[in-house]
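Text of work-v3.txt (compact mmCIF, C-alpha atoms and all ligand atoms) as supplied:
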```
# COMPACT_ATOMS: atom_id res chain seq x y z
CA MET A 1 0.00 0.00 0.00
CA GLN A 2 1.24 3.40 -0.95
CA ASN A 3 -0.21 6.05 1.36
CA ASN A 4 -3.24 6.98 3.45
CA GLU A 5 -5.29 7.48 0.31
CA CYS A 6 -4.45 3.92 -0.80
CA ILE A 7 -5.29 2.53 2.66
CA TYR A 8 -8.61 4.33 2.58
CA ILE A 9 -9.37 2.98 -0.89
CA CYS A 10 -8.45 -0.58 0.11
CA GLU A 11 -10.84 -0.32 3.05
CA GLN A 12 -13.67 0.16 0.56
CA PHE A 13 -12.86 -2.88 -1.56
CA THR A 14 -15.39 -5.28 -0.07
CA GLU A 15 -18.31 -2.92 -0.51
CA TYR A 16 -16.95 -1.82 -3.86
CA HIS A 17 -16.90 -5.43 -4.99
CA GLU A 18 -20.42 -5.97 -3.67
CA ASN A 19 -21.54 -2.80 -5.39
CA SER A 20 -22.92 -1.37 -2.18
CA LEU A 21 -20.89 1.84 -1.99
CA LEU A 22 -22.57 5.22 -2.25
CA PRO A 23 -22.21 6.55 -5.82
CA GLU A 24 -19.83 9.32 -4.71
CA LEU A 25 -17.49 6.89 -2.97
CA LYS A 26 -17.70 4.39 -5.82
CA ALA A 27 -16.61 7.11 -8.24
CA LYS A 28 -13.70 7.94 -5.95
CA VAL A 29 -12.53 4.29 -5.90
CA ASP A 30 -12.95 4.03 -9.67
CA ALA A 31 -10.88 7.14 -10.17
CA HIS A 32 -8.15 5.91 -7.79
CA LEU A 33 -7.92 2.51 -9.45
CA THR A 34 -7.32 4.04 -12.84
CA VAL A 35 -4.24 5.90 -11.59
CA CYS A 36 -2.83 3.56 -8.90
CA SER A 37 -1.51 0.26 -10.22
CA PRO A 38 -0.58 -1.27 -6.78
CA CYS A 39 -4.19 -0.79 -5.57
CA GLN A 40 -5.45 -2.09 -8.87
CA ALA A 41 -3.35 -5.24 -8.45
CA ILE A 42 -4.60 -5.71 -4.86
CA TYR A 43 -8.19 -5.32 -5.97
CA GLN A 44 -7.84 -7.82 -8.80
CA GLU A 45 -6.29 -10.40 -6.47
CA LEU A 46 -8.95 -9.73 -3.89
CA ALA A 47 -11.70 -10.34 -6.42
CA GLN A 48 -10.05 -13.66 -7.30
CA VAL A 49 -9.81 -14.61 -3.62
CA ILE A 50 -13.52 -13.90 -3.14
CA GLN A 51 -14.34 -15.96 -6.21
CA LYS A 52 -12.21 -18.87 -4.96
CA LEU A 53 -13.84 -18.71 -1.54
CA HIS A 54 -17.28 -18.87 -3.08
CA SER A 55 -16.35 -21.83 -5.25
CA LEU A 56 -14.96 -24.00 -2.46
CA PRO A 57 -16.47 -27.49 -2.66
CA THR A 58 -19.46 -28.18 -0.47
CA ILE A 59 -19.03 -30.88 2.12
CA ASN A 60 -21.90 -33.24 2.77
CA THR A 61 -22.60 -35.17 5.93
CA ASN A 62 -22.18 -38.93 5.70
CA PRO A 63 -25.33 -41.01 5.07
CA GLU A 64 -25.25 -42.36 8.65
CA PHE A 65 -25.40 -38.87 10.15
CA ASN A 66 -29.09 -39.04 11.10
CA ASP A 67 -28.79 -42.53 12.57
CA GLN A 68 -25.81 -41.45 14.65
CA LEU A 69 -27.70 -38.40 15.86
CA LEU A 70 -30.67 -40.57 16.72
CA SER A 71 -28.55 -42.93 18.75
CA LYS A 72 -27.10 -39.95 20.65
CA LEU A 73 -30.65 -38.72 21.30
CA ARG A 74 -31.51 -42.14 22.70
CA ASP A 75 -28.47 -42.02 25.00
CA LEU A 76 -29.52 -38.58 26.10
CA GLN A 77 -33.01 -39.80 26.90
CA ALA A 78 -31.66 -42.77 28.84
CA GLU A 79 -29.35 -40.45 30.75
CA SER A 80 -32.16 -38.08 31.57
CA THR A 81 -34.29 -40.99 32.80
CA TRP A 82 -31.65 -41.90 35.34
CA SER A 83 -30.97 -38.35 36.36
CA ARG A 84 -34.68 -37.73 36.78
CA ILE A 85 -34.98 -40.76 39.03
CA TYR A 86 -32.03 -39.71 41.14
CA LYS A 87 -32.81 -36.03 41.14
CA SER A 88 -36.45 -36.43 41.99
CA SER A 89 -36.55 -36.28 45.77
CA TYR A 90 -40.08 -37.58 45.64
CA MET A 91 -38.94 -40.74 43.87
CA ARG A 92 -36.00 -41.08 46.21
CA VAL A 93 -38.15 -40.77 49.33
CA ALA A 94 -40.71 -43.13 47.79
CA SER A 95 -38.10 -45.73 46.95
CA TYR A 96 -36.57 -45.44 50.45
CA ALA A 97 -40.02 -45.91 51.93
CA VAL A 98 -40.68 -48.97 49.78
CA ALA A 99 -37.26 -50.37 50.62
CA ALA A 100 -37.75 -49.72 54.34
CA GLY A 101 -41.18 -51.36 54.14
CA PHE A 102 -39.69 -54.46 52.61
CA ILE A 103 -36.89 -54.65 55.12
CA VAL A 104 -39.41 -54.46 57.94
CA ALA A 105 -41.78 -56.91 56.28
CA VAL A 106 -39.08 -59.43 55.47
CA GLY A 107 -37.50 -58.92 58.87
CA LEU A 108 -40.80 -59.60 60.59
CA ASN A 109 -41.39 -62.58 58.36
CA VAL A 110 -38.02 -64.03 59.23
CA TRP A 111 -38.50 -63.29 62.89
CA ILE A 112 -41.81 -65.14 62.82
CA ASP A 113 -40.70 -67.93 60.45
CA PRO A 114 -37.06 -67.78 59.35
CA ILE A 115 -37.31 -70.84 57.09
CA SER A 116 -40.19 -69.85 54.86
CA PRO A 117 -40.08 -66.61 52.86
CA ILE A 118 -43.85 -66.39 53.11
CA ASN A 119 -45.35 -65.94 56.53
CA GLN A 120 -46.88 -69.37 57.16
CA GLY A 121 -45.71 -70.52 60.53
CA ARG A 122 -45.95 -69.24 64.05
CA VAL A 123 -42.76 -70.86 65.37
CA SER A 124 -40.34 -68.18 66.23
CA SER A 125 -36.67 -68.76 65.87
CA PHE A 126 -33.57 -66.67 65.36
CA ALA A 127 -31.93 -69.32 63.22
CA GLY A 128 -31.05 -68.42 59.61
CA THR A 129 -30.84 -64.68 60.10
CA GLN A 130 -28.57 -64.55 57.06
CA LYS A 131 -31.42 -65.42 54.75
CA PRO A 132 -33.44 -62.21 54.89
CA ASN A 133 -30.49 -60.25 53.66
CA ALA A 134 -30.39 -62.25 50.44
CA ILE A 135 -34.11 -61.86 49.93
CA ASN A 136 -33.83 -58.18 50.67
CA GLU A 137 -31.25 -57.63 47.98
CA GLU A 138 -33.35 -59.43 45.40
CA THR A 139 -36.48 -57.59 46.39
CA LEU A 140 -34.76 -54.27 46.34
CA ALA A 141 -33.32 -55.01 42.95
CA SER A 142 -36.70 -55.85 41.57
CA GLN A 143 -38.10 -52.73 43.23
CA THR A 144 -35.49 -50.59 41.54
CA ASP A 145 -36.38 -52.17 38.22
CA SER A 146 -40.02 -51.41 38.66
CA VAL A 147 -39.23 -47.83 39.65
CA VAL A 148 -37.22 -47.42 36.46
CA GLY A 149 -39.99 -49.00 34.43
CA ASN A 150 -42.57 -46.61 35.77
CA SER A 151 -40.41 -43.57 35.23
CA SER A 152 -39.72 -44.43 31.63
CA ASP A 153 -43.40 -44.07 30.95
CA SER A 154 -43.38 -40.49 32.15
CA LEU A 155 -40.67 -39.42 29.67
CA GLU A 156 -41.50 -36.72 27.18
CA LEU A 157 -40.08 -38.87 24.43
CA SER A 158 -40.75 -42.56 24.95
CA PRO A 159 -38.48 -45.14 23.28
CA GLY A 160 -41.36 -45.88 20.92
CA THR A 161 -41.43 -42.29 19.81
CA ILE A 162 -37.68 -42.36 19.22
CA SER A 163 -37.98 -45.45 17.05
CA SER A 164 -40.67 -43.91 14.95
CA GLY A 165 -38.47 -40.80 14.85
CA SER A 166 -35.75 -43.01 13.44
CA SER A 167 -37.78 -44.15 10.51
CA THR A 168 -38.89 -40.58 9.88
CA LEU A 169 -35.29 -39.38 9.88
CA GLN A 170 -34.30 -42.02 7.38
CA LEU A 171 -37.34 -41.39 5.29
CA VAL A 172 -36.58 -37.71 4.99
CA ASN A 173 -32.99 -38.58 4.29
CA ASP A 174 -33.93 -40.85 1.43
CA THR A 175 -36.05 -38.28 -0.26
CA GLN A 176 -33.17 -35.81 -0.41
CA MET B 1 -46.13 -30.43 3.59
CA ASP B 2 -47.10 -27.86 1.01
CA ALA B 3 -44.44 -28.07 -1.69
CA VAL B 4 -45.10 -24.57 -2.96
CA THR B 5 -44.59 -22.76 0.32
CA PRO B 6 -42.13 -24.64 2.49
CA LYS B 7 -42.35 -23.89 6.18
CA THR B 8 -39.94 -21.34 7.57
CA ASP B 9 -37.33 -22.41 10.12
CA GLU B 10 -39.22 -20.39 12.69
CA GLN B 11 -42.44 -22.28 11.98
CA LEU B 12 -40.61 -25.59 12.30
CA ILE B 13 -39.00 -24.76 15.64
CA ALA B 14 -42.37 -23.48 16.90
CA GLU B 15 -43.93 -26.82 15.94
CA PHE B 16 -41.12 -28.65 17.71
CA GLN B 17 -41.57 -26.49 20.79
CA ALA B 18 -45.25 -27.45 20.70
CA GLY B 19 -44.25 -31.13 20.74
CA ASP B 20 -44.14 -32.08 17.06
CA GLU B 21 -40.83 -33.83 16.47
CA GLN B 22 -41.22 -33.66 12.71
CA GLY B 23 -40.25 -30.01 13.02
CA PHE B 24 -36.94 -31.04 14.58
CA VAL B 25 -36.31 -33.70 11.91
CA GLU B 26 -36.92 -31.14 9.19
CA LEU B 27 -34.51 -28.67 10.79
CA VAL B 28 -31.83 -31.38 11.05
CA ASN B 29 -32.16 -32.14 7.36
CA ARG B 30 -32.15 -28.48 6.49
CA TYR B 31 -29.08 -27.51 8.50
CA LYS B 32 -26.80 -30.54 8.82
CA ASP B 33 -24.78 -29.93 5.63
CA ARG B 34 -24.60 -26.18 6.11
CA LEU B 35 -23.35 -26.58 9.66
CA VAL B 36 -20.85 -29.30 8.77
CA ASN B 37 -19.44 -26.99 6.08
CA PHE B 38 -19.15 -24.25 8.69
CA VAL B 39 -17.61 -26.33 11.47
CA TYR B 40 -15.30 -28.34 9.22
CA ARG B 41 -13.50 -25.13 8.22
CA PHE B 42 -12.58 -24.64 11.88
CA LEU B 43 -11.68 -28.18 12.84
CA ASN B 44 -10.31 -29.62 9.57
CA ASP B 45 -11.53 -33.02 10.62
CA MET B 46 -14.71 -34.49 9.20
CA THR B 47 -15.46 -36.87 12.08
CA ASP B 48 -14.99 -34.11 14.65
CA ALA B 49 -17.06 -31.73 12.54
CA GLU B 50 -19.96 -34.19 12.33
CA ASP B 51 -19.75 -34.95 16.05
CA LEU B 52 -19.89 -31.26 16.81
CA VAL B 53 -22.85 -30.67 14.52
CA GLN B 54 -24.66 -33.58 16.18
CA GLU B 55 -23.88 -32.01 19.53
CA THR B 56 -25.36 -28.76 18.20
CA PHE B 57 -28.61 -30.56 17.32
CA LEU B 58 -28.67 -32.25 20.72
CA LYS B 59 -28.44 -28.79 22.30
CA VAL B 60 -31.31 -27.60 20.10
CA TYR B 61 -33.28 -30.67 21.15
CA GLN B 62 -32.62 -30.14 24.83
CA LYS B 63 -32.89 -26.36 24.88
CA LYS B 64 -35.70 -25.93 22.36
CA HIS B 65 -37.57 -23.65 24.73
CA ALA B 66 -34.56 -21.33 25.03
CA TYR B 67 -35.22 -20.19 21.46
CA ARG B 68 -37.34 -17.06 21.23
CA GLU B 69 -38.84 -15.91 17.97
CA ILE B 70 -37.23 -12.47 18.25
CA ALA B 71 -34.13 -14.00 16.61
CA LYS B 72 -33.85 -15.93 13.38
CA PHE B 73 -33.47 -19.66 13.92
CA SER B 74 -30.43 -19.71 11.61
CA THR B 75 -28.49 -17.18 13.68
CA TRP B 76 -29.40 -19.08 16.86
CA ILE B 77 -28.15 -22.43 15.57
CA TYR B 78 -25.00 -20.88 14.04
CA THR B 79 -24.26 -19.24 17.38
CA ILE B 80 -24.55 -22.60 19.16
CA ALA B 81 -22.35 -24.36 16.58
CA GLY B 82 -19.82 -21.51 16.56
CA ASN B 83 -19.52 -21.54 20.34
CA LEU B 84 -19.05 -25.30 20.39
CA ALA B 85 -16.41 -25.07 17.64
CA ARG B 86 -14.47 -22.39 19.48
CA SER B 87 -14.59 -24.34 22.71
CA GLU B 88 -13.37 -27.46 20.86
CA LEU B 89 -10.47 -25.45 19.44
CA ARG B 90 -9.57 -24.23 22.94
CA LYS B 91 -9.64 -27.83 24.20
CA ARG B 92 -7.36 -28.89 21.35
CA LYS B 93 -4.94 -26.11 22.16
CA ARG B 94 -4.83 -27.21 25.81
CA ARG B 95 -4.35 -30.86 24.78
CA LYS B 96 -1.55 -29.83 22.47
CA THR B 97 0.15 -27.82 25.19
CA TYR B 98 -0.30 -30.69 27.63
CA THR B 99 1.09 -33.33 25.29
CA MET B 100 4.03 -31.12 24.40
CA SER B 101 4.87 -30.60 28.08
CA SER B 102 4.47 -34.35 28.71
CA LEU B 103 6.98 -35.00 25.99
CA SER B 104 9.53 -32.80 27.63
CA TYR B 105 9.24 -34.72 30.91
CA ASP B 106 8.61 -38.26 29.82
CA ASP B 107 8.71 -39.44 26.26
CA ASN B 108 6.58 -42.48 27.08
CA GLU B 109 3.60 -40.37 28.06
CA PHE B 110 3.51 -38.61 24.76
CA THR B 111 0.33 -39.23 22.81
CA PRO B 112 0.24 -37.48 19.49
CA VAL B 113 -2.81 -35.27 19.06
CA ASP B 114 -4.71 -36.55 16.11
CA HIS B 115 -5.50 -33.59 13.88
CA GLY B 116 -7.44 -34.21 10.74
CA LYS B 117 -6.99 -37.95 10.49
CA ASP B 118 -10.17 -38.15 8.45
CA THR B 119 -9.55 -35.30 6.10
CA GLU B 120 -8.46 -37.60 3.31
CA GLY B 121 -12.17 -38.25 2.78
CA ILE B 122 -12.58 -34.69 1.61
CA VAL B 123 -11.21 -34.29 -1.86
CA PHE B 124 -10.81 -30.74 -2.96
CA ASN B 125 -11.53 -30.03 -6.57
CA SER B 126 -8.28 -28.25 -7.13
CA TYR B 127 -5.02 -27.21 -5.63
CA ALA B 128 -6.55 -23.76 -5.29
CA GLY B 129 -9.07 -25.17 -2.81
CA GLU B 130 -6.34 -26.61 -0.61
CA GLU B 131 -4.30 -23.48 -0.89
CA ILE B 132 -7.14 -21.23 0.16
CA MET B 133 -8.05 -23.47 3.09
CA LYS B 134 -4.43 -23.32 4.22
CA ALA B 135 -4.60 -19.54 4.03
CA ILE B 136 -7.90 -19.43 5.97
CA ASN B 137 -6.37 -21.58 8.68
CA GLN B 138 -3.52 -19.14 9.01
CA LEU B 139 -5.88 -16.21 9.58
CA PRO B 140 -5.94 -15.00 13.16
CA GLU B 141 -9.25 -14.77 14.99
CA PRO B 142 -11.65 -12.99 14.54
CA PHE B 143 -10.82 -12.85 10.83
CA LYS B 144 -11.04 -16.60 10.36
CA THR B 145 -14.58 -16.86 11.74
CA ILE B 146 -15.77 -13.85 9.82
CA THR B 147 -14.35 -15.21 6.55
CA ILE B 148 -16.03 -18.57 7.07
CA LEU B 149 -19.36 -16.94 7.88
CA ARG B 150 -19.30 -14.40 5.09
CA ASP B 151 -17.34 -15.94 2.25
CA ILE B 152 -17.98 -19.66 2.69
CA GLN B 153 -21.38 -19.71 4.35
CA GLU B 154 -22.39 -16.55 2.51
CA LEU B 155 -24.43 -15.24 5.42
CA SER B 156 -25.70 -11.67 5.41
CA TYR B 157 -23.86 -8.95 7.33
CA GLU B 158 -26.92 -8.61 9.51
CA ASP B 159 -26.90 -12.30 10.46
CA ILE B 160 -23.16 -12.26 11.14
CA SER B 161 -23.65 -9.18 13.31
CA THR B 162 -26.23 -11.12 15.37
CA ILE B 163 -24.18 -14.32 15.57
CA LEU B 164 -20.99 -12.59 16.66
CA ASP B 165 -22.80 -9.89 18.61
CA ILE B 166 -20.83 -7.05 17.03
CA PRO B 167 -22.10 -3.97 15.15
CA MET B 168 -22.71 -4.27 11.43
CA GLY B 169 -20.03 -1.66 10.64
CA THR B 170 -17.47 -3.78 12.51
CA VAL B 171 -18.56 -6.87 10.55
CA LYS B 172 -18.02 -5.06 7.26
CA SER B 173 -14.63 -3.68 8.16
CA ARG B 174 -13.51 -7.07 9.52
CA VAL B 175 -14.66 -8.83 6.35
CA ASN B 176 -12.63 -6.37 4.32
CA ARG B 177 -9.55 -6.73 6.50
CA ALA B 178 -9.89 -10.52 6.51
CA ARG B 179 -10.03 -10.60 2.70
CA LEU B 180 -6.99 -8.35 2.43
CA LYS B 181 -5.10 -10.56 4.89
CA LEU B 182 -6.15 -13.63 2.96
CA GLN B 183 -4.98 -12.11 -0.29
CA GLU B 184 -1.68 -11.23 1.39
CA THR B 185 -1.27 -14.76 2.80
CA LEU B 186 -2.06 -16.33 -0.56
CA SER B 187 0.52 -14.27 -2.38
CA TYR B 188 3.02 -15.16 0.37
CA LEU B 189 2.19 -18.88 0.03
CA ARG B 190 2.76 -18.69 -3.71
CA GLU B 191 6.23 -17.21 -3.33
ZN ZN C 1 -3.50 3.22 -4.28
```
Using structure tokens, write down the structure from this file.
Ligand SMILES: [Zn+2]
Amino acid sequence: MQNNECIYICEQFTEYHENSLLPELKAKVDAHLTVCSPCQAIYQELAQVIQKLHSLPTINTNPEFNDQLLSKLRDLQAESTWSRIYKSSYMRVASYAVAAGFIVAVGLNVWIDPISPINQGRVSSFAGTQKPNAINEETLASQTDSVVGNSSDSLELSPGTISSGSSTLQLVNDTQ
Amino acid sequence: MDAVTPKTDEQLIAEFQAGDEQGFVELVNRYKDRLVNFVYRFLNDMTDAEDLVQETFLKVYQKKHAYREIAKFSTWIYTIAGNLARSELRKRKRRKTYTMSSLSYDDNEFTPVDHGKDTEGIVFNSYAGEEIMKAINQLPEPFKTITILRDIQELSYEDISTILDIPMGTVKSRVNRARLKLQETLSYLRE
């Protein structure tokens, strides 16, 4: 660049190229370009650069893009199911209450009849106190499962909806 | 859908906000290629670019109610993708610094940072394409972002002003300066 005039002219190049300069300013740039070869050279190169930029090849996403996105959405839903269960104090209190209820029930059952898991007998014994623990774990596990099952139903987007979403995604993809 | 008058992005996101997932699907199909083109120019890695665009859509899915109709949907989604891309670049820089410092202490801990392992899938039409991408990558911020938005994505000055949250006059002058820098870099690369 030669001088302040040249710098000023170069600052106008983008708008000059896009033909959005005010007529007065456009005339000024035109006049400068006819007498200043360095600015003329810069402008010509600049126009080529812009043209090259506009003709860069377009990149397309791979055909599995929608399926991959869908699988991430599913993971997100699964994650939010768990976080909802853990974050919901209501669910936590409820599951503690259920668990406590079972511990008491099973404990009482064992205290009354340690051999049978169902309260049938009236003979009290303290033998086999290890057994209720095993039952408790199983029961609690099944309780947790049922809690998860119930919560899944309350999701905004049920797995069924996601699956149908999948076919929709592919369908739209195919029509492209 | 009416083939003559396709729904606007804003109509689609409104439908999605109201619970119709077809609106989301339509937006994904409308924007995935555009966004991958945008993000790929930052990351130079196709797998990373696609991951990041998917992350962008996941954010749209999760935060659909954060969108307000006062803004165009396109500027909103470009802002999300742009922020994610910049944060990914920062992470890469940190990783690079970390791996370099690991190397100086213990050669065994050195794990090379994998930049652009998947770029061979992208075949540029000409040497000029490669050359110009090289020049864009050498542009300092904020000129790189502005070049990608204006000259590759061909967004309006108004949209760029919204996405980058800078006045329109600044956008125009930065575009001009970025192009001049690019032209300078290209002539330097040719020497
Ligand atoms: Zn001049």
Query raised in the report: Which residues of chain B are close to chain A, meaning at most 8 Å apart when you count all atoms listed in the file, and how do they look as a ChimeraX atom specification?
Result: /B:21-22,25-26,29,32-33,36-37,50,54,58,122,124-125,128-129,132,151-152,154,172-173,175-177,179-180,182-183
**Report entry** Neighbourhood of ligand ZN 1 (chain C) at 12 Å, counting only C-alpha atoms and all ligand atoms, reported as a count of residues only
**Finding:** 29
Report task. Take CA of Trp76 (chain B) and CA of Asn19 (chain A) and report the distance between them in Å, one decimal. Result -> 28.7 Å
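Each of B:Ala85, B:Ser74, B:Tyr67, B:Ala18 was checked against Gln153 (chain B) using only C-alpha atoms; the smallest atom-to-atom distance is that of B:Ser74.
Distances to Glu158 (chain B) were evaluated for B:Thr56, B:Thr75, B:Ser87, B:Asn44 using all atoms listed in the file, and the minimum falls at B:Thr75.
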Query raised in the report: CA of Pro167 (chain B) and CA of Phe38 (chain B) are how many Å apart?
Result: 21.5 Å
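Considering all atoms listed in the file, the residue among B:Thr47, B:Ser156, B:Thr185, B:Thr170 positioned nearest to Lys134 (chain B) is B:Thr185.
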Query - Atomic separation - CA of Leu43 (chain B) relative to CA of Leu186 (chain B), Å - result: 20.3 Å
